[in-house]
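Structure data follow from input_5.cif (mmCIF, C-alpha atoms and all ligand atoms):
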```cif
data_work
loop_
_atom_site.label_atom_id
_atom_site.label_comp_id
_atom_site.auth_asym_id
_atom_site.auth_seq_id
_atom_site.Cartn_x
_atom_site.Cartn_y
_atom_site.Cartn_z
CA MET R 1 0.00 0.00 0.00
CA ASN R 2 1.47 3.37 -1.03
CA ASN R 3 0.58 6.80 0.31
CA PHE R 4 -0.51 8.38 -2.94
CA THR R 5 -3.67 10.46 -2.82
CA VAL R 6 -3.98 10.46 -6.60
CA GLU R 7 -2.66 7.98 -9.15
CA ALA R 8 -3.27 8.50 -12.85
CA ILE R 9 -2.32 5.40 -14.75
CA GLU R 10 -2.02 5.52 -18.53
CA LEU R 11 -5.00 7.87 -18.74
CA THR R 12 -6.21 8.20 -22.29
CA ARG R 13 -9.33 9.75 -23.80
CA LEU R 14 -10.36 9.57 -27.41
CA TYR R 15 -12.87 11.86 -29.10
CA GLY R 16 -13.97 10.48 -32.42
CA GLY R 17 -10.81 8.42 -32.78
CA ARG R 18 -8.54 11.36 -31.90
CA GLU R 19 -6.56 11.29 -28.66
CA ALA R 20 -7.45 14.41 -26.60
CA VAL R 21 -5.44 12.97 -23.68
CA SER R 22 -2.79 10.37 -24.32
CA ASN R 23 -1.20 8.04 -21.79
CA VAL R 24 -0.96 10.46 -18.85
CA ASN R 25 0.77 9.01 -15.78
CA PHE R 26 1.47 10.72 -12.46
CA THR R 27 1.13 10.38 -8.71
CA LEU R 28 0.42 12.93 -6.00
CA SER R 29 1.00 12.78 -2.25
CA LYS R 30 -0.69 14.50 0.69
CA GLY R 31 0.18 18.15 1.18
CA GLU R 32 1.33 18.65 -2.41
CA VAL R 33 -0.01 21.13 -4.93
CA LEU R 34 0.23 19.91 -8.49
CA GLY R 35 -0.06 22.27 -11.42
CA PHE R 36 -1.45 20.97 -14.66
CA LEU R 37 -0.15 23.36 -17.21
CA GLY R 38 -0.79 23.66 -20.92
CA PRO R 39 -2.10 25.93 -23.64
CA ASN R 40 -5.77 26.07 -24.59
CA GLY R 41 -6.99 22.76 -25.95
CA ALA R 42 -4.03 20.81 -24.50
CA GLY R 43 -6.31 18.39 -22.67
CA LYS R 44 -6.35 19.84 -19.15
CA SER R 45 -10.12 19.94 -18.62
CA THR R 46 -10.50 16.47 -20.12
CA THR R 47 -7.89 15.17 -17.67
CA MET R 48 -9.55 16.95 -14.72
CA LYS R 49 -12.90 15.42 -15.66
CA MET R 50 -11.38 11.94 -15.75
CA LEU R 51 -9.61 12.48 -12.43
CA THR R 52 -12.88 13.52 -10.79
CA GLY R 53 -14.92 10.67 -12.25
CA ASN R 54 -17.00 12.97 -14.47
CA LEU R 55 -15.71 11.44 -17.68
CA ALA R 56 -14.77 7.82 -18.30
CA PRO R 57 -11.27 7.28 -19.69
CA SER R 58 -11.03 5.36 -22.97
CA TYR R 59 -8.06 3.56 -21.44
CA GLY R 60 -6.22 3.68 -18.15
CA SER R 61 -7.38 4.29 -14.62
CA VAL R 62 -7.53 6.73 -11.72
CA LYS R 63 -7.07 5.84 -8.07
CA ILE R 64 -7.92 8.19 -5.24
CA CYS R 65 -6.20 7.10 -2.00
CA GLY R 66 -5.89 3.64 -3.54
CA ILE R 67 -9.61 3.44 -4.51
CA ASP R 68 -10.24 2.77 -8.19
CA MET R 69 -12.53 5.41 -9.73
CA MET R 70 -14.13 2.99 -12.20
CA GLU R 71 -14.65 0.15 -9.72
CA ASN R 72 -15.79 2.21 -6.72
CA PRO R 73 -16.84 5.62 -8.04
CA LYS R 74 -18.93 6.59 -5.03
CA GLU R 75 -16.16 5.96 -2.51
CA ALA R 76 -13.49 7.53 -4.72
CA LYS R 77 -15.58 10.64 -5.50
CA ALA R 78 -16.35 11.18 -1.81
CA LEU R 79 -12.63 11.87 -1.31
CA ILE R 80 -12.58 14.65 -3.94
CA GLY R 81 -13.63 18.29 -3.98
CA TYR R 82 -13.96 19.71 -7.49
CA LEU R 83 -14.32 23.16 -8.93
CA PRO R 84 -15.01 22.78 -12.66
CA GLU R 85 -14.09 25.45 -15.20
CA MET R 86 -17.69 26.67 -15.21
CA ARG R 87 -18.45 27.42 -11.57
CA PRO R 88 -21.46 25.44 -10.37
CA LEU R 89 -22.98 28.31 -8.36
CA TYR R 90 -26.63 28.96 -7.64
CA LYS R 91 -26.53 32.70 -7.79
CA GLU R 92 -29.95 33.30 -6.30
CA LEU R 93 -28.82 31.71 -3.01
CA THR R 94 -26.89 33.37 -0.22
CA VAL R 95 -23.40 32.12 0.58
CA ASP R 96 -24.71 30.31 3.67
CA GLU R 97 -27.61 28.70 1.80
CA TYR R 98 -25.40 27.54 -1.05
CA LEU R 99 -22.66 26.12 1.16
CA THR R 100 -25.25 24.35 3.32
CA MET R 101 -26.64 22.74 0.17
CA ALA R 102 -23.11 21.82 -0.98
CA ALA R 103 -22.39 20.21 2.41
CA ARG R 104 -25.57 18.11 2.10
CA LEU R 105 -24.66 17.06 -1.44
CA HIS R 106 -21.24 16.01 -0.17
CA ARG R 107 -22.98 13.96 2.52
CA VAL R 108 -21.70 15.89 5.52
CA SER R 109 -23.77 14.56 8.44
CA ALA R 110 -26.60 16.87 9.59
CA LYS R 111 -25.00 17.60 12.95
CA ASN R 112 -21.72 18.66 11.30
CA ILE R 113 -23.12 20.86 8.53
CA LYS R 114 -23.08 24.16 10.43
CA LYS R 115 -19.50 23.62 11.55
CA ALA R 116 -18.41 22.58 8.04
CA VAL R 117 -19.98 25.73 6.53
CA GLU R 118 -18.37 28.01 9.13
CA ASN R 119 -15.02 26.33 8.65
CA ALA R 120 -15.09 26.57 4.83
CA LYS R 121 -16.16 30.23 5.00
CA GLU R 122 -13.38 31.05 7.42
CA ARG R 123 -10.73 29.35 5.31
CA CYS R 124 -11.92 31.12 2.18
CA GLY R 125 -12.32 34.56 3.79
CA LEU R 126 -16.10 34.54 3.32
CA THR R 127 -17.40 34.87 6.86
CA HIS R 128 -18.44 38.51 6.37
CA MET R 129 -20.29 37.57 3.16
CA SER R 130 -22.49 34.88 4.74
CA LYS R 131 -25.84 36.55 4.08
CA ARG R 132 -24.99 38.04 0.69
CA LEU R 133 -26.60 36.71 -2.49
CA ILE R 134 -23.94 35.06 -4.63
CA GLU R 135 -25.02 37.06 -7.68
CA ASN R 136 -24.06 40.27 -5.85
CA LEU R 137 -20.52 39.10 -5.07
CA SER R 138 -17.51 40.13 -7.14
CA ASN R 139 -15.97 37.59 -9.47
CA GLY R 140 -13.15 36.90 -7.00
CA TYR R 141 -15.56 36.29 -4.12
CA GLN R 142 -17.68 34.02 -6.29
CA GLN R 143 -14.53 32.03 -6.98
CA ARG R 144 -13.91 31.79 -3.22
CA VAL R 145 -17.42 30.37 -2.85
CA GLY R 146 -16.56 27.84 -5.58
CA ILE R 147 -13.44 26.81 -3.68
CA ALA R 148 -15.37 26.74 -0.38
CA GLN R 149 -17.86 24.20 -1.83
CA ALA R 150 -14.90 22.10 -3.03
CA ILE R 151 -13.37 21.86 0.47
CA ILE R 152 -16.57 21.77 2.53
CA HIS R 153 -16.36 18.02 3.24
CA SER R 154 -12.59 18.17 3.97
CA PRO R 155 -11.76 15.97 1.00
CA MET R 156 -8.32 14.38 0.62
CA VAL R 157 -7.99 15.82 -2.89
CA VAL R 158 -9.11 19.23 -4.19
CA ILE R 159 -9.21 19.71 -7.96
CA LEU R 160 -9.58 23.22 -9.36
CA ASP R 161 -9.91 23.79 -13.10
CA GLU R 162 -8.47 27.18 -14.13
CA PRO R 163 -9.18 28.78 -10.73
CA THR R 164 -7.90 32.26 -11.57
CA VAL R 165 -9.34 32.76 -15.05
CA GLY R 166 -11.29 36.00 -15.37
CA LEU R 167 -10.13 37.50 -12.08
CA ASP R 168 -8.38 40.83 -11.60
CA PRO R 169 -4.77 40.93 -10.30
CA ILE R 170 -5.72 41.40 -6.63
CA GLN R 171 -8.31 38.63 -6.78
CA ILE R 172 -5.73 36.40 -8.49
CA ARG R 173 -3.22 37.06 -5.72
CA ASP R 174 -5.81 36.25 -3.03
CA ILE R 175 -6.98 33.05 -4.74
CA ARG R 176 -3.37 31.87 -5.19
CA THR R 177 -2.70 32.45 -1.48
CA LEU R 178 -5.86 30.52 -0.68
CA ILE R 179 -4.82 27.61 -2.91
CA ARG R 180 -1.46 27.39 -1.13
CA GLU R 181 -3.23 27.35 2.24
CA VAL R 182 -5.64 24.65 1.11
CA GLY R 183 -2.61 22.71 -0.15
CA THR R 184 -1.08 22.42 3.30
CA ASP R 185 -3.56 19.79 4.43
CA HIS R 186 -5.20 18.57 1.21
CA SER R 187 -3.64 17.42 -2.04
CA VAL R 188 -4.50 20.02 -4.64
CA ILE R 189 -4.49 19.84 -8.42
CA ILE R 190 -4.96 23.04 -10.38
CA SER R 191 -5.05 23.42 -14.11
CA THR R 192 -3.80 26.61 -15.66
CA HIS R 193 -2.26 28.03 -18.79
CA ILE R 194 -0.24 30.57 -16.76
CA LEU R 195 3.35 29.54 -16.11
CA PRO R 196 4.12 32.00 -13.28
CA GLU R 197 1.00 30.79 -11.50
CA VAL R 198 2.41 27.29 -11.34
CA GLU R 199 5.69 28.66 -10.04
CA MET R 200 3.91 30.60 -7.32
CA VAL R 201 1.56 27.97 -5.96
CA CYS R 202 2.73 24.49 -6.97
CA ASP R 203 5.26 21.95 -5.71
CA GLN R 204 4.89 19.64 -8.68
CA VAL R 205 4.15 20.43 -12.28
CA GLN R 206 2.88 18.45 -15.23
CA ILE R 207 3.09 20.19 -18.56
CA ILE R 208 0.66 18.90 -21.11
CA ASP R 209 0.70 19.70 -24.79
CA LYS R 210 -1.62 18.19 -27.39
CA GLY R 211 -2.79 15.62 -24.86
CA LYS R 212 0.68 14.38 -23.89
CA LEU R 213 2.79 15.07 -20.81
CA VAL R 214 5.98 16.82 -21.90
CA PHE R 215 7.30 17.56 -18.40
CA ASN R 216 6.57 15.87 -15.13
CA GLY R 217 8.56 16.85 -12.09
CA SER R 218 9.19 19.18 -9.20
CA ILE R 219 8.82 22.91 -9.65
CA ASP R 220 12.47 23.33 -8.60
CA VAL R 221 13.62 21.30 -11.59
CA LEU R 222 11.55 23.50 -13.86
CA LYS R 223 12.92 26.65 -12.23
CA ARG R 224 16.50 25.39 -12.61
CA GLN R 225 15.90 25.05 -16.33
CA ARG R 226 15.22 28.78 -16.36
CA VAL R 227 18.55 29.82 -14.92
CA GLY R 228 20.76 29.43 -17.95
CA ASN R 229 24.38 30.57 -18.14
CA LYS R 230 23.50 34.12 -18.96
CA LEU R 231 24.12 37.55 -17.46
CA LEU R 232 22.24 40.75 -18.13
CA ILE R 233 24.55 43.76 -18.01
CA GLY R 234 23.56 47.41 -17.96
CA LEU R 235 26.17 49.84 -19.33
CA ARG R 236 25.90 53.59 -19.72
CA ASN R 237 28.71 53.65 -22.32
CA PRO R 238 28.48 50.23 -23.94
CA PRO R 239 31.56 49.16 -25.89
CA ALA R 240 31.59 47.27 -29.20
CA ILE R 241 30.47 43.64 -28.86
CA GLU R 242 33.99 42.47 -29.84
CA GLU R 243 35.47 44.04 -26.71
CA VAL R 244 33.07 42.10 -24.48
CA LEU R 245 33.77 38.89 -26.38
CA ARG R 246 37.47 39.33 -25.51
CA ILE R 247 36.70 38.86 -21.80
CA SER R 248 37.74 35.41 -20.62
CA GLY R 249 34.74 33.06 -20.30
CA VAL R 250 32.31 35.08 -22.46
CA SER R 251 31.11 32.91 -25.34
CA GLU R 252 28.40 35.15 -26.80
CA ALA R 253 27.24 38.73 -26.36
CA GLU R 254 24.31 40.62 -27.80
CA SER R 255 23.20 44.22 -27.50
CA LEU R 256 19.67 44.90 -26.31
CA ALA R 257 17.78 48.18 -26.01
CA ASN R 258 18.76 50.88 -23.46
CA GLY R 259 22.44 49.96 -23.16
CA LEU R 260 21.62 46.48 -21.89
CA MET R 261 23.72 43.57 -23.03
CA ARG R 262 23.15 39.83 -22.66
CA VAL R 263 26.23 37.68 -22.23
CA ARG R 264 26.44 33.89 -22.36
CA TYR R 265 29.18 31.79 -20.84
CA ALA R 266 30.14 28.15 -20.45
CA GLU R 267 28.96 26.44 -17.23
CA SER R 268 32.35 26.53 -15.45
CA THR R 269 33.47 30.03 -16.43
CA GLU R 270 31.25 32.60 -14.70
CA PRO R 271 32.77 35.84 -16.05
CA ALA R 272 30.95 38.36 -13.82
CA GLU R 273 34.09 39.47 -11.97
CA ALA R 274 36.10 39.86 -15.16
CA ILE R 275 33.26 41.89 -16.72
CA VAL R 276 33.13 44.25 -13.71
CA GLN R 277 36.92 44.72 -13.88
CA ALA R 278 36.85 45.44 -17.61
CA ALA R 279 33.92 47.82 -17.19
CA VAL R 280 35.71 49.79 -14.46
CA GLN R 281 39.05 49.90 -16.29
CA GLN R 282 37.51 50.97 -19.57
CA GLY R 283 34.81 53.28 -18.24
CA TRP R 284 31.74 51.46 -19.59
CA GLY R 285 29.55 52.93 -16.83
CA LEU R 286 28.37 49.62 -15.43
CA TYR R 287 25.11 50.10 -13.49
CA GLN R 288 23.70 46.58 -13.46
CA ILE R 289 24.90 42.99 -13.65
CA ALA R 290 22.62 40.07 -12.80
CA PRO R 291 21.78 36.51 -13.88
CA ASP R 292 19.38 36.55 -16.81
CA GLN R 293 16.55 34.06 -16.33
CA THR R 294 14.86 32.42 -19.26
CA SER R 295 11.18 33.09 -18.93
CA LEU R 296 9.01 30.12 -18.13
CA GLU R 297 7.30 30.77 -21.44
CA ASP R 298 10.64 30.08 -23.17
CA VAL R 299 11.10 26.89 -21.15
CA PHE R 300 7.61 25.83 -22.17
CA MET R 301 8.39 26.52 -25.82
CA GLN R 302 11.62 24.51 -25.54
CA LEU R 303 9.84 21.57 -23.92
CA THR R 304 7.01 21.43 -26.40
CA TYR R 305 9.44 21.98 -29.28
CA GLN R 306 11.64 19.08 -28.11
CA GLU R 307 8.51 16.97 -27.98
CA GLN R 308 7.67 17.92 -31.58
CA LEU R 309 11.18 16.94 -32.68
CA ALA R 310 10.91 13.61 -30.88
CA VAL R 311 7.71 12.66 -32.73
N1 LIG R 401 -16.81 16.61 -25.90
C1 LIG R 401 -15.82 16.73 -26.79
N2 LIG R 401 -15.93 16.24 -28.05
C2 LIG R 401 -14.95 16.34 -28.97
N3 LIG R 401 -13.76 16.93 -28.72
C3 LIG R 401 -13.56 17.44 -27.47
C4 LIG R 401 -14.57 17.37 -26.45
N4 LIG R 401 -14.08 17.97 -25.33
C5 LIG R 401 -12.83 18.38 -25.64
N5 LIG R 401 -12.52 18.06 -26.91
C6 LIG R 401 -11.22 18.33 -27.59
O1 LIG R 401 -10.20 17.75 -26.82
C7 LIG R 401 -9.05 18.59 -26.77
C8 LIG R 401 -8.71 18.91 -25.31
O2 LIG R 401 -9.72 19.75 -24.75
P1 LIG R 401 -9.70 20.26 -23.25
O3 LIG R 401 -10.94 21.03 -23.01
O4 LIG R 401 -9.41 19.12 -22.35
O5 LIG R 401 -8.44 21.21 -23.26
P2 LIG R 401 -7.95 22.27 -22.18
O6 LIG R 401 -6.49 22.06 -22.04
O7 LIG R 401 -8.75 22.18 -20.94
O8 LIG R 401 -8.21 23.63 -22.91
P3 LIG R 401 -8.99 24.96 -22.40
O9 LIG R 401 -8.03 25.66 -21.50
O10 LIG R 401 -9.21 25.68 -23.69
O11 LIG R 401 -10.25 24.51 -21.72
C9 LIG R 401 -9.38 19.81 -27.60
O12 LIG R 401 -8.86 19.63 -28.88
C10 LIG R 401 -10.90 19.83 -27.61
O13 LIG R 401 -11.37 20.42 -28.79
#
```

Represent the structure from my file as structure tokens, please.
Amino acid sequence: MNNFTVEAIELTRLYGGREAVSNVNFTLSKGEVLGFLGPNGAGKSTTMKMLTGNLAPSYGSVKICGIDMMENPKEAKALIGYLPEMRPLYKELTVDEYLTMAARLHRVSAKNIKKAVENAKERCGLTHMSKRLIENLSNGYQQRVGIAQAIIHSPMVVILDEPTVGLDPIQIRDIRTLIREVGTDHSVIISTHILPEVEMVCDQVQIIDKGKLVFNGSIDVLKRQRVGNKLLIGLRNPPAIEEVLRISGVSEAESLANGLMRVRYAESTEPAEAIVQAAVQQGWGLYQIAPDQTSLEDVFMQLTYQEQLAV
């Protein structure tokens, strides 16, 4: 018996003979937040629906805390809280009424409903909104209500499909903080097409492209891929590129706008000190020197491009 809260085993879904999700494998443990990342149409929602037992896989299986979703759907689903892409809110209800209904649907026992509602509201910062009609709440608060219904029965696994889509920057920040908090005592899976979001809230990341996993690992591994052997240098009096290329260790240099220059070097030859010395000696007016990180978007492009080459 392992300790995995979620196991996806060779998950595959065909639509009209075409694979929308192809052979997806991963495991998740308690207290981890997993980001399911991919562009529109990559197969995220289809995967989420299979994980939550709302869509049958064409092949493969899902286990929630060791319980097979196909064999024992009722037991497996009871361990999951799910916020689909389209929020299942009844807008004519108040927050209290809706969460009470959600608790009943999730089979919270009658004597525990009040406590479960209070608890979910507190965790989602909704206590002061208890008597408000959902339709009168802002988009961000409606999303909190959606998350509150997903955690109301204290499920082992919380699955949130695109939880920050359509929110403003402050709402996005609040929802991300909430997801991290929820992730401390539940396993959480979020799907998103926003790379920095994954970096901010997730421990593990699966990158999916055209239905296939192209990266599966810890967020640290992904972040490390971003830190290439590059420096970004700001110079008030930039010299000719050739002069920079003469510095020991520098393998490539390119001029960018506003006197900035990007320099590449081989792994073992960090030339920062030599660049500072040259800049001082030759009066280049150095005002900035820092590692230049590849954006996560670039990493994503590289990963999906490698995958295309491999096909
Ligand atoms: N019911 C369906 N019938 C036929 N094709 C479908 C169906 N649902 C999804 N697809 C196709 O499967 C692929 C994956 O769709 P899915 O909704 O899972 O992607 P996604 O990554 O969640 O994208 P988005 O962020 O746009 O929702 C797409 O090509 C989509 O057109």

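Nearest to ligand LIG 401 (chain R) of all the residues R:Leu34, R:Leu93, R:Val165, R:Val158 is R:Val165, based on all atoms listed in the file.
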
*Around ligand LIG 401 (chain R), at most 6 Å away and counting all atoms listed in the file, which residues are there? Put them as a list in words, please.*
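Within the 6 Å cut-off, the matching residues are Tyr15, Ala20, Asn40, Gly41, Ala42, Gly43, Lys44, Ser45 and Thr46 of chain R.
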
Restrict the calculation to all atoms listed in the file, then for each residue of segment 8-76 of chain R with any atom at most 10 Å from an atom of segment 176-180 of chain R give the closest atom pair and their distance in Å to one decimal, rows by chain and rising residue number, as CSV.
```
residue,atom,partner,partner_atom,distance
R:Gly31,CA,R:Arg180,CA,9.7
R:Glu32,CA,R:Arg180,CA,9.3
R:Val33,CA,R:Arg180,CA,7.5
```

_Near-segment 72-81 of chain R list (10 Å; only C-alpha atoms; drop same-chain fewer than 4 positions) as a count of residues only_ = 32

*Skip Asn216 of chain R itself and residues of its chain fewer than 4 positions away, then list as a list in words all residues within 7 Å of it, counting all atoms listed in the file.*
Val205, Gln206 and Ile207 of chain R
